[in-house]
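Containing compact mmCIF, C-alpha atoms: coords-v8.txt.
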```txt
# COMPACT_ATOMS: atom_id res chain seq x y z
CA MET M 1 -5.99 -107.70 166.35
CA HIS M 2 -7.10 -110.19 169.01
CA TRP M 3 -10.74 -109.93 167.92
CA ILE M 4 -9.83 -110.47 164.27
CA VAL M 5 -8.07 -113.71 165.24
CA LEU M 6 -11.16 -114.82 167.19
CA ALA M 7 -13.41 -114.06 164.23
CA LEU M 8 -11.16 -116.09 161.94
CA LEU M 9 -11.19 -119.00 164.40
CA ALA M 10 -14.98 -118.96 164.41
CA VAL M 11 -15.16 -118.79 160.61
CA PHE M 12 -12.80 -121.75 160.22
CA GLY M 13 -14.79 -123.96 162.59
CA ALA M 14 -13.17 -123.64 166.01
CA PRO M 15 -15.47 -124.91 168.81
CA LEU M 16 -17.85 -122.16 169.88
CA PHE M 17 -17.00 -122.53 173.58
CA ALA M 18 -13.30 -122.05 172.78
CA VAL M 19 -14.01 -118.83 170.86
CA ILE M 20 -16.23 -117.47 173.65
CA ALA M 21 -13.75 -118.45 176.37
CA SER M 22 -10.87 -116.90 174.46
CA GLY M 23 -12.84 -113.70 174.06
CA ALA M 24 -13.57 -113.63 177.80
CA ILE M 25 -9.88 -114.16 178.62
CA ILE M 26 -8.83 -111.32 176.31
CA GLY M 27 -11.49 -109.06 177.78
CA TYR M 28 -10.51 -109.83 181.36
CA LEU M 29 -6.83 -109.23 180.58
CA GLN M 30 -7.60 -105.90 178.94
CA ALA M 31 -9.76 -104.89 181.92
CA ASP M 32 -6.98 -105.97 184.29
CA VAL M 33 -9.29 -108.46 186.05
CA PRO M 34 -7.70 -111.64 187.53
CA LEU M 35 -8.32 -114.64 185.28
CA GLY M 36 -9.38 -116.61 188.35
CA SER M 37 -12.67 -114.71 188.10
CA ILE M 38 -13.48 -116.66 184.94
CA ALA M 39 -13.27 -119.95 186.83
CA ILE M 40 -15.58 -118.56 189.49
CA GLU M 41 -18.11 -117.53 186.86
CA ILE M 42 -17.91 -120.93 185.14
CA LEU M 43 -18.46 -122.78 188.41
CA GLY M 44 -21.45 -120.53 189.01
CA VAL M 45 -23.35 -122.42 186.32
CA ALA M 46 -23.91 -125.17 188.89
CA THR M 47 -26.05 -122.81 190.98
CA LEU M 48 -28.47 -121.93 188.16
CA PRO M 49 -32.08 -122.93 188.91
CA ALA M 50 -33.74 -125.73 186.94
CA LEU M 51 -30.39 -126.73 185.43
CA ILE M 52 -30.98 -130.42 186.18
CA ALA M 53 -34.00 -130.37 183.87
CA ILE M 54 -31.86 -130.00 180.74
CA PRO M 55 -29.97 -133.34 180.88
CA LEU M 56 -33.04 -135.25 182.10
CA PHE M 57 -35.36 -134.02 179.36
CA CYS M 58 -32.62 -134.49 176.77
CA PHE M 59 -32.05 -138.09 177.85
CA ALA M 60 -35.79 -138.83 177.73
CA GLY M 61 -36.01 -137.38 174.22
CA TYR M 62 -33.16 -139.50 172.92
CA VAL M 63 -34.70 -142.65 174.42
CA LEU M 64 -38.02 -141.86 172.72
CA ALA M 65 -36.23 -141.33 169.41
CA GLU M 66 -34.68 -144.81 169.68
CA SER M 67 -37.94 -146.45 170.77
CA PRO M 68 -40.95 -147.54 168.68
CA ALA M 69 -42.70 -144.29 169.72
CA PRO M 70 -42.34 -142.54 166.31
CA ARG M 71 -43.75 -145.57 164.45
CA LEU M 72 -46.59 -145.99 166.94
CA LEU M 73 -47.56 -142.32 166.71
CA VAL M 74 -47.74 -142.52 162.92
CA ARG M 75 -49.90 -145.64 163.14
CA LEU M 76 -52.21 -143.91 165.60
CA SER M 77 -52.51 -140.89 163.31
CA GLU M 78 -53.43 -143.12 160.38
CA ALA M 79 -56.09 -144.86 162.45
CA LEU M 80 -57.61 -141.64 163.80
CA VAL M 81 -57.55 -139.32 160.80
CA GLY M 82 -56.38 -141.42 157.86
CA TRP M 83 -59.97 -141.60 156.64
CA MET M 84 -60.29 -137.78 156.52
CA PRO M 85 -59.01 -135.98 153.39
CA GLY M 86 -56.01 -133.94 154.51
CA GLY M 87 -56.13 -135.41 158.00
CA LEU M 88 -52.74 -137.09 157.82
CA ALA M 89 -50.99 -133.82 156.92
CA VAL M 90 -52.55 -132.02 159.89
CA PHE M 91 -51.79 -134.86 162.27
CA ALA M 92 -48.21 -135.04 160.97
CA LEU M 93 -47.69 -131.42 162.05
CA ALA M 94 -49.03 -132.17 165.53
CA VAL M 95 -46.90 -135.30 165.88
CA CYS M 96 -43.75 -133.45 164.79
CA ALA M 97 -44.48 -130.63 167.23
CA LEU M 98 -44.98 -133.07 170.11
CA PHE M 99 -41.81 -134.98 169.25
CA THR M 100 -39.71 -131.81 168.94
CA ALA M 101 -41.04 -130.53 172.28
CA PHE M 102 -39.71 -133.62 174.05
CA THR M 103 -36.43 -134.00 172.14
CA GLY M 104 -35.65 -130.27 172.00
CA ALA M 105 -33.97 -130.73 168.62
CA SER M 106 -35.78 -130.28 165.32
CA GLY M 107 -33.11 -132.21 163.43
CA ILE M 108 -33.87 -135.34 165.44
CA THR M 109 -37.55 -135.00 164.53
CA ILE M 110 -36.76 -134.84 160.82
CA ILE M 111 -34.54 -137.90 161.06
CA ALA M 112 -36.74 -139.99 163.37
CA MET M 113 -40.23 -139.00 162.19
CA GLY M 114 -39.38 -138.18 158.60
CA ALA M 115 -38.54 -141.80 157.79
CA LEU M 116 -42.13 -142.69 158.71
CA LEU M 117 -44.15 -139.63 157.73
CA TYR M 118 -42.56 -138.93 154.34
CA PRO M 119 -43.50 -142.29 152.76
CA ALA M 120 -46.89 -142.26 154.54
CA LEU M 121 -47.73 -138.86 153.02
CA LYS M 122 -46.68 -139.99 149.55
CA GLN M 123 -48.72 -143.17 149.98
CA ALA M 124 -51.73 -140.96 150.76
CA ARG M 125 -51.13 -139.31 147.34
CA TYR M 126 -49.76 -136.01 148.59
CA SER M 127 -47.28 -134.60 146.11
CA GLU M 128 -43.63 -135.34 146.74
CA THR M 129 -42.82 -131.61 146.93
CA PHE M 130 -45.58 -130.96 149.46
CA SER M 131 -44.57 -133.97 151.58
CA LEU M 132 -40.93 -132.87 151.59
CA GLY M 133 -41.84 -129.32 152.64
CA LEU M 134 -44.22 -130.50 155.37
CA VAL M 135 -41.76 -132.90 157.00
CA THR M 136 -38.92 -130.35 156.79
CA THR M 137 -41.09 -127.65 158.34
CA GLY M 138 -42.69 -129.91 160.95
CA GLY M 139 -39.30 -130.56 162.46
CA SER M 140 -39.03 -126.94 163.57
CA LEU M 141 -42.39 -126.93 165.37
CA GLY M 142 -42.67 -127.72 169.05
CA LEU M 143 -39.94 -125.47 170.45
CA LEU M 144 -42.62 -123.32 172.14
CA PHE M 145 -44.23 -126.24 173.98
CA ALA M 146 -43.15 -127.70 177.32
CA PRO M 147 -40.79 -129.32 178.06
CA SER M 148 -38.75 -127.72 175.26
CA LEU M 149 -35.05 -127.44 176.11
CA PRO M 150 -34.68 -124.02 174.43
CA LEU M 151 -37.51 -122.67 176.60
CA ILE M 152 -35.76 -123.95 179.71
CA LEU M 153 -32.40 -122.56 178.61
CA TYR M 154 -33.92 -119.16 177.83
CA GLY M 155 -35.45 -119.12 181.31
CA VAL M 156 -32.08 -119.95 182.88
CA VAL M 157 -30.15 -117.33 180.89
CA SER M 158 -32.74 -114.55 181.25
CA GLU M 159 -33.66 -115.44 184.85
CA THR M 160 -37.31 -115.69 183.80
CA ARG M 161 -39.77 -118.10 185.41
CA ILE M 162 -39.72 -121.26 183.30
CA ASP M 163 -43.29 -122.23 184.17
CA SER M 164 -44.41 -118.82 182.88
CA LEU M 165 -42.55 -119.46 179.62
CA PHE M 166 -44.22 -122.86 179.31
CA GLN M 167 -47.64 -121.25 179.71
CA ALA M 168 -46.81 -118.36 177.38
CA GLY M 169 -45.75 -120.70 174.58
CA ILE M 170 -49.04 -122.61 174.35
CA LEU M 171 -51.16 -120.18 172.31
CA PRO M 172 -48.37 -119.00 169.97
CA GLY M 173 -47.38 -122.62 169.35
CA LEU M 174 -50.97 -123.60 168.61
CA LEU M 175 -51.29 -120.60 166.29
CA MET M 176 -48.32 -121.78 164.21
CA ILE M 177 -49.76 -125.29 163.93
CA ALA M 178 -53.24 -123.97 163.11
CA LEU M 179 -52.02 -121.70 160.29
CA LEU M 180 -49.89 -124.47 158.81
CA SER M 181 -52.81 -126.90 159.08
CA ALA M 182 -55.09 -124.46 157.27
CA TYR M 183 -52.47 -124.11 154.53
CA CYS M 184 -52.15 -127.91 154.23
CA LEU M 185 -55.91 -128.31 153.79
CA TRP M 186 -56.10 -125.45 151.29
CA ALA M 187 -53.08 -126.56 149.25
CA ASN M 188 -54.58 -130.05 148.79
CA ARG M 189 -58.22 -129.04 148.52
CA SER M 190 -58.67 -130.77 145.16
CA GLU M 191 -56.18 -133.61 145.41
CA ARG M 192 -56.06 -134.87 148.98
CA GLN M 193 -57.08 -138.49 149.34
CA PRO M 194 -58.04 -140.55 152.37
CA LEU M 195 -55.31 -142.91 153.48
CA ALA M 196 -57.66 -145.63 154.70
CA SER M 197 -61.24 -146.22 155.78
CA PHE M 198 -62.05 -145.61 159.43
CA SER M 199 -62.08 -148.64 161.70
CA TRP M 200 -62.81 -148.64 165.42
CA ARG M 201 -60.91 -151.90 165.66
CA GLU M 202 -57.76 -150.29 164.19
CA VAL M 203 -58.14 -147.26 166.46
CA ALA M 204 -58.40 -149.49 169.52
CA SER M 205 -55.43 -151.54 168.36
CA ALA M 206 -53.31 -148.41 167.71
CA VAL M 207 -54.22 -146.91 171.09
CA LYS M 208 -53.36 -150.18 172.82
CA ALA M 209 -50.03 -150.41 170.96
CA ALA M 210 -49.10 -146.86 172.06
CA GLY M 211 -50.52 -147.39 175.54
CA TRP M 212 -47.25 -146.62 177.32
CA GLU M 213 -46.41 -143.50 175.29
CA LEU M 214 -49.82 -141.78 175.28
CA PRO M 215 -49.99 -140.93 179.01
CA LEU M 216 -46.59 -139.20 178.96
CA PRO M 217 -47.73 -135.75 177.74
CA LEU M 218 -50.67 -135.81 180.15
CA ILE M 219 -48.49 -136.75 183.12
CA VAL M 220 -45.70 -134.27 182.40
CA LEU M 221 -47.62 -131.31 181.03
CA GLY M 222 -50.50 -131.76 183.44
CA GLY M 223 -48.06 -131.85 186.34
CA ILE M 224 -46.24 -128.71 185.17
CA TYR M 225 -49.29 -126.61 184.30
CA SER M 226 -51.18 -127.62 187.43
CA GLY M 227 -48.23 -126.66 189.60
CA TYR M 228 -47.94 -130.17 191.02
CA PHE M 229 -44.44 -130.64 189.57
CA ALA M 230 -41.57 -128.20 189.61
CA ILE M 231 -39.59 -128.15 186.34
CA SER M 232 -36.79 -130.32 187.72
CA GLU M 233 -39.33 -132.76 189.21
CA ALA M 234 -41.18 -133.00 185.89
CA ALA M 235 -37.88 -133.74 184.15
CA ALA M 236 -37.07 -136.50 186.63
CA VAL M 237 -40.54 -138.04 186.24
CA THR M 238 -40.24 -137.89 182.45
CA ALA M 239 -36.83 -139.57 182.38
CA LEU M 240 -37.90 -142.26 184.84
CA TYR M 241 -41.18 -142.96 183.05
CA VAL M 242 -39.57 -143.18 179.59
CA LEU M 243 -36.75 -145.39 180.89
CA ALA M 244 -39.14 -147.75 182.67
CA ALA M 245 -41.63 -147.92 179.78
CA GLU M 246 -39.23 -148.37 176.86
CA VAL M 247 -36.39 -150.34 178.46
CA PHE M 248 -37.90 -152.44 181.23
CA ILE M 249 -41.60 -152.82 180.45
CA ARG M 250 -41.81 -152.70 176.65
CA ARG M 251 -38.19 -153.94 176.29
CA ALA M 252 -37.94 -152.07 173.01
CA ILE M 253 -34.43 -150.87 173.79
CA PRO M 254 -31.88 -153.42 175.00
CA LEU M 255 -29.81 -152.56 178.04
CA SER M 256 -26.68 -152.86 175.90
CA ARG M 257 -27.90 -149.88 173.82
CA LEU M 258 -28.54 -147.68 176.85
CA PRO M 259 -24.91 -146.55 177.41
CA GLY M 260 -24.75 -145.37 173.80
CA ILE M 261 -27.97 -143.37 174.18
CA ILE M 262 -26.69 -141.81 177.39
CA ARG M 263 -23.40 -140.89 175.70
CA GLU M 264 -25.15 -139.33 172.67
CA SER M 265 -27.62 -137.32 174.74
CA MET M 266 -25.02 -136.13 177.24
CA THR M 267 -22.73 -135.05 174.41
CA LEU M 268 -25.43 -132.56 173.43
CA VAL M 269 -25.96 -131.56 177.07
CA GLY M 270 -22.22 -131.16 177.62
CA GLY M 271 -21.98 -128.84 174.65
CA ILE M 272 -24.88 -126.73 175.94
CA MET M 273 -23.46 -126.57 179.47
CA LEU M 274 -19.95 -125.70 178.30
CA ILE M 275 -21.18 -122.89 176.08
CA LEU M 276 -23.45 -121.63 178.87
CA ALA M 277 -20.64 -121.69 181.44
CA VAL M 278 -18.10 -119.72 179.42
CA SER M 279 -20.84 -117.35 178.26
CA LEU M 280 -21.56 -116.42 181.88
CA ALA M 281 -18.04 -115.08 182.22
CA SER M 282 -18.27 -113.24 178.91
CA THR M 283 -21.74 -111.83 179.70
CA ASN M 284 -20.72 -110.45 183.09
CA LEU M 285 -17.70 -108.81 181.48
CA MET M 286 -19.96 -107.13 178.90
CA ILE M 287 -22.32 -105.95 181.64
CA ASP M 288 -19.40 -104.46 183.61
CA ALA M 289 -18.22 -102.75 180.42
CA GLU M 290 -21.77 -101.36 179.92
CA VAL M 291 -22.07 -102.95 176.47
CA PRO M 292 -25.91 -103.19 176.63
CA GLN M 293 -26.16 -99.50 177.52
CA ARG M 294 -23.91 -98.56 174.61
CA MET M 295 -25.91 -100.74 172.23
CA LEU M 296 -29.12 -99.12 173.50
CA SER M 297 -27.77 -95.64 172.81
CA VAL M 298 -26.77 -96.66 169.27
CA ILE M 299 -30.10 -98.37 168.61
CA GLY M 300 -31.95 -95.37 170.03
CA GLU M 301 -30.54 -93.26 167.23
CA VAL M 302 -32.11 -95.42 164.51
CA VAL M 303 -35.09 -97.02 166.30
CA ALA M 304 -37.96 -94.73 167.15
CA GLY M 305 -40.10 -96.97 169.34
CA PRO M 306 -41.31 -100.50 170.17
CA LEU M 307 -42.70 -101.13 166.66
CA SER M 308 -39.47 -100.36 164.83
CA PHE M 309 -37.48 -102.19 167.53
CA LEU M 310 -39.53 -105.39 167.02
CA LEU M 311 -39.13 -105.16 163.24
CA ALA M 312 -35.36 -104.76 163.59
CA LEU M 313 -35.27 -107.62 166.13
CA LEU M 314 -37.18 -109.99 163.83
CA ALA M 315 -34.89 -109.23 160.90
CA PHE M 316 -31.82 -109.78 163.07
CA LEU M 317 -33.10 -113.07 164.51
CA LEU M 318 -34.07 -114.43 161.09
CA VAL M 319 -30.52 -113.93 159.87
CA LEU M 320 -29.06 -115.23 163.13
CA GLY M 321 -31.24 -118.35 163.06
CA ALA M 322 -29.98 -119.23 159.61
CA PHE M 323 -26.35 -119.26 160.76
CA LEU M 324 -26.33 -120.16 164.49
CA ASP M 325 -27.97 -123.00 166.40
CA ILE M 326 -30.64 -122.02 168.88
CA PHE M 327 -28.74 -123.01 172.04
CA SER M 328 -25.71 -120.92 171.14
CA ALA M 329 -27.92 -118.00 170.12
CA ILE M 330 -29.72 -118.01 173.46
CA VAL M 331 -26.59 -117.81 175.59
CA LEU M 332 -24.84 -115.34 173.30
CA VAL M 333 -27.60 -112.94 172.29
CA VAL M 334 -30.28 -112.96 175.00
CA PRO M 335 -28.14 -111.22 177.66
CA LEU M 336 -27.50 -108.39 175.18
CA ILE M 337 -31.02 -107.85 173.82
CA LEU M 338 -32.94 -108.41 177.07
CA PRO M 339 -32.11 -105.06 178.73
CA ILE M 340 -32.63 -103.25 175.43
CA ALA M 341 -36.04 -104.88 174.93
CA GLN M 342 -37.07 -103.91 178.46
CA GLN M 343 -36.20 -100.29 177.67
CA PHE M 344 -38.71 -100.45 174.81
CA GLY M 345 -41.38 -102.02 177.04
CA VAL M 346 -41.14 -105.59 175.74
CA HIS M 347 -42.00 -108.11 178.46
CA PRO M 348 -39.19 -110.65 179.10
CA VAL M 349 -41.61 -113.57 178.63
CA HIS M 350 -42.95 -112.11 175.38
CA LEU M 351 -39.37 -111.54 174.23
CA GLY M 352 -38.59 -115.21 174.88
CA ILE M 353 -41.51 -116.40 172.77
CA ILE M 354 -40.57 -113.99 169.95
CA PHE M 355 -36.94 -115.12 170.17
CA LEU M 356 -37.69 -118.85 169.96
CA ALA M 357 -40.44 -118.54 167.35
CA THR M 358 -38.19 -116.51 165.06
CA MET M 359 -35.15 -118.71 165.66
CA GLN M 360 -37.10 -121.83 164.75
CA LEU M 361 -38.09 -120.01 161.56
CA GLY M 362 -34.38 -119.42 160.97
CA TYR M 363 -33.92 -123.20 160.71
CA LEU M 364 -35.85 -122.96 157.43
CA THR M 365 -34.33 -119.76 156.06
CA PRO M 366 -32.07 -120.14 153.00
CA PRO M 367 -29.26 -120.29 152.26
CA VAL M 368 -27.96 -122.12 155.34
CA GLY M 369 -31.01 -123.00 157.45
CA LEU M 370 -29.96 -126.14 159.33
CA ASN M 371 -33.19 -128.12 158.80
CA LEU M 372 -32.96 -127.59 155.06
CA PHE M 373 -29.63 -129.40 154.92
CA ILE M 374 -30.76 -132.14 157.30
CA ALA M 375 -33.82 -132.80 155.13
CA SER M 376 -31.72 -132.73 151.96
CA TYR M 377 -29.36 -135.32 153.43
CA ARG M 378 -32.09 -137.45 155.02
CA PHE M 379 -34.29 -137.73 151.94
CA GLY M 380 -31.58 -137.57 149.28
CA GLN M 381 -33.03 -134.46 147.64
CA PRO M 382 -31.12 -131.53 146.06
CA ILE M 383 -30.92 -128.60 148.46
CA VAL M 384 -32.54 -126.27 145.89
CA ARG M 385 -35.57 -128.55 145.77
CA VAL M 386 -35.80 -128.49 149.55
CA TYR M 387 -35.69 -124.68 149.40
CA ALA M 388 -38.61 -124.62 146.97
CA ALA M 389 -40.64 -127.21 148.88
CA SER M 390 -40.24 -125.37 152.19
CA LEU M 391 -40.86 -121.85 150.91
CA PRO M 392 -44.70 -121.83 151.19
CA PHE M 393 -44.51 -123.23 154.72
CA LEU M 394 -41.84 -120.65 155.59
CA LEU M 395 -44.12 -117.80 154.47
CA VAL M 396 -47.01 -119.12 156.55
CA LEU M 397 -44.77 -119.38 159.61
CA LEU M 398 -43.46 -115.88 158.96
CA ALA M 399 -47.04 -114.59 159.13
CA ALA M 400 -47.46 -116.45 162.43
CA VAL M 401 -44.26 -114.94 163.84
CA LEU M 402 -45.43 -111.44 162.92
CA LEU M 403 -48.72 -112.06 164.75
CA ILE M 404 -46.84 -113.37 167.79
CA ALA M 405 -44.49 -110.39 167.84
CA PHE M 406 -47.11 -107.66 167.47
CA TRP M 407 -49.88 -109.30 169.49
CA PRO M 408 -48.28 -109.64 172.96
CA THR M 409 -51.56 -110.69 174.58
CA LEU M 410 -51.24 -114.00 172.73
CA SER M 411 -48.12 -114.79 174.77
CA LEU M 412 -49.00 -113.05 178.03
CA TRP M 413 -52.69 -113.86 178.43
CA MET M 414 -52.17 -117.15 180.28
CA ILE M 415 -49.66 -115.71 182.74
CA GLU M 416 -51.65 -112.54 183.43
CA THR M 417 -54.99 -114.19 184.12
```

Represent the supplied structure as C-alpha cells.
Amino acid sequence: MHWIVLALLAVFGAPLFAVIASGAIIGYLQADVPLGSIAIEILGVATLPALIAIPLFCFAGYVLAESPAPRLLVRLSEALVGWMPGGLAVFALAVCALFTAFTGASGITIIAMGALLYPALKQARYSETFSLGLVTTGGSLGLLFAPSLPLILYGVVSETRIDSLFQAGILPGLLMIALLSAYCLWANRSERQPLASFSWREVASAVKAAGWELPLPLIVLGGIYSGYFAISEAAAVTALYVLAAEVFIRRAIPLSRLPGIIRESMTLVGGIMLILAVSLASTNLMIDAEVPQRMLSVIGEVVAGPLSFLLALLAFLLVLGAFLDIFSAIVLVVPLILPIAQQFGVHPVHLGIIFLATMQLGYLTPPVGLNLFIASYRFGQPIVRVYAASLPFLLVLLAAVLLIAFWPTLSLWMIET
C-alpha cells in the first residue's frame, strides 16, 4: 500500500526528492533500521569526490548563457564557414555541442542558441523544417564532452574516475557530431546556399570580438586532459575566468544581474544535490536488501549474454530518457544497473558513455522527450511538427548510439592507451 501511495505522488507531480526520501523512510522502517541512519547517509554526500565541480561548472554555464557568447559564436561561425554550402549547419552542431558541454543542460542550449541559429539557418535558405530539427537536436549534443555535469555526476554516483569519463566521451561525442554533419550535408546537397562570401577582415573581426570566450575551451579542456588540473580545480578556473571575462572585463553582465544568475544556477544545483543525497540513503538500503542481485537473477533468465543485455539496456534507457531528466536517472538507475552490467562484462566507463548517449537521445524521443516540448514552446511550433522535424536526426543519432554500445573500443581506447 505504501508503494502505491508513493507511485501516485510521483504521477501527480510531487517533488522527486520527496518521493525518494519517503521511499527510503518506509524501507528503513520495514527493515527496522533507525531513521537516524538516513541523516548520516545524506550528510555523506559532502564527502563525495569532485562534488565542488558541479556548482562551479553550472554557475559558469549560466553566466555564459547570459553573456554575448552565444551571439559571438554564431557570428564567428558565419565568418568561418558561411561561405561554404552546408557549412553553417555543420558549425551549428559543433556550437550547440560546445555550449551544452559547458552548461550541462540541453534545454538552455535550445533557448540561448536557438534564438540565434534558427533565424540564421533560415536566412541561409535551409528549409524551416530542417532548421527546426537541427536546432532541437543540437541541444542534446555535448553531454559526452568535458566538463559536462552529467558526466561528473555519473562519476560521483558510480565511483568512476571522472577524468577517464572525460577522455572516454571524446570519440563517441565526435562520432555523433560527424554522423549528423554528414546527414546535414546530404539532406541539403541540392539546395544548400552560402550565407555570405568569405572575408578575412570579417574573420579577424569575429575572432577579436570573441577573444575572451575562445581561449576558455583550450584552458579548461587542455588542463583536464593534460592532467595539469584536477576536476575541481578546472571547475574553479572556469568559474573564475568566465566571471572575470564577462562581468569585470567585458562588462557584458551588470553586477546587479549577478545575484539572479547565482540564484538560478544554484536552484538547479540544489535540486541535483538534494536528489543525490536522498538517493544515497535509498541506494544503500537496496544494496543491503540485495536488490541488484535479485534483479540480476531475474534478468539472467531472459538475457543470454552481453549482446542481449545491451539491447535490453538501450531499449530501457530510451524509454527512461523520454520520461525522466538525466540527473534524476543517473542517481536512481545507475546504482542498480552498474553491478548487473559488470556481471555481463561491461566496463563501468563504457556503461557511462552508453548511459549518457542513450539518455540524451531520450530527450528527442516522442511522445514526451523534453527537448521536443522546449523547442515547440521556444519557436512557437506545433509539437507534431517538431516530432516530424526531429525524426531524421533522431534516427541518425540512434545509429550512432548503436555503434557506441557495440563498439566498446570507441569509448575505452583513450583510457587504455

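Nearest-residue note for M:Ala329: choosing from M:Ala187, M:Val269, M:Leu356, M:Cys58, the minimum distance belongs to M:Leu356, counting all atoms listed in the file.
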
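Going from atom CA of M:Tyr126 to atom CA of M:Ser67 covers 27.2 Å.
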
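With distances restricted to all atoms listed in the file, M:Asp163 is the closest residue to M:Phe229 from M:Arg75, M:Tyr377, M:Asp163, M:Ala94.
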
Worksheet item: What is the distance between atom CA of M:Ile219 and atom CA of M:Thr267, in Å to one decimal?
Response: 27.2 Å

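Here the question is which of M:Leu88, M:Leu29, M:Ile383, M:Leu76 gets nearest to M:Ala124 using all atoms listed in the file, and that residue is M:Leu88.
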
Worksheet item: Could you work out how far atom CA of M:Met414 lies from atom CA of M:Leu398, giving the answer in Å with one decimal?
Response: 23.1 Å

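Using only C-alpha atoms, the protein and nucleic acid residues lying no more than 12 Å from stretch 304-310 of chain M, apart from those fewer than 6 places from it along its own chain, are Leu296, Ser297, Val298, Phe316, Leu317, Ile337, Ile340, Ala341, Gln342, Gln343, Phe344, Gly345, Val346, His347, His350, Leu351, Ile354, Phe355, Thr358, Val401, Leu402, Leu403, Ile404, Ala405, Phe406, Trp407 and Pro408 of chain M.
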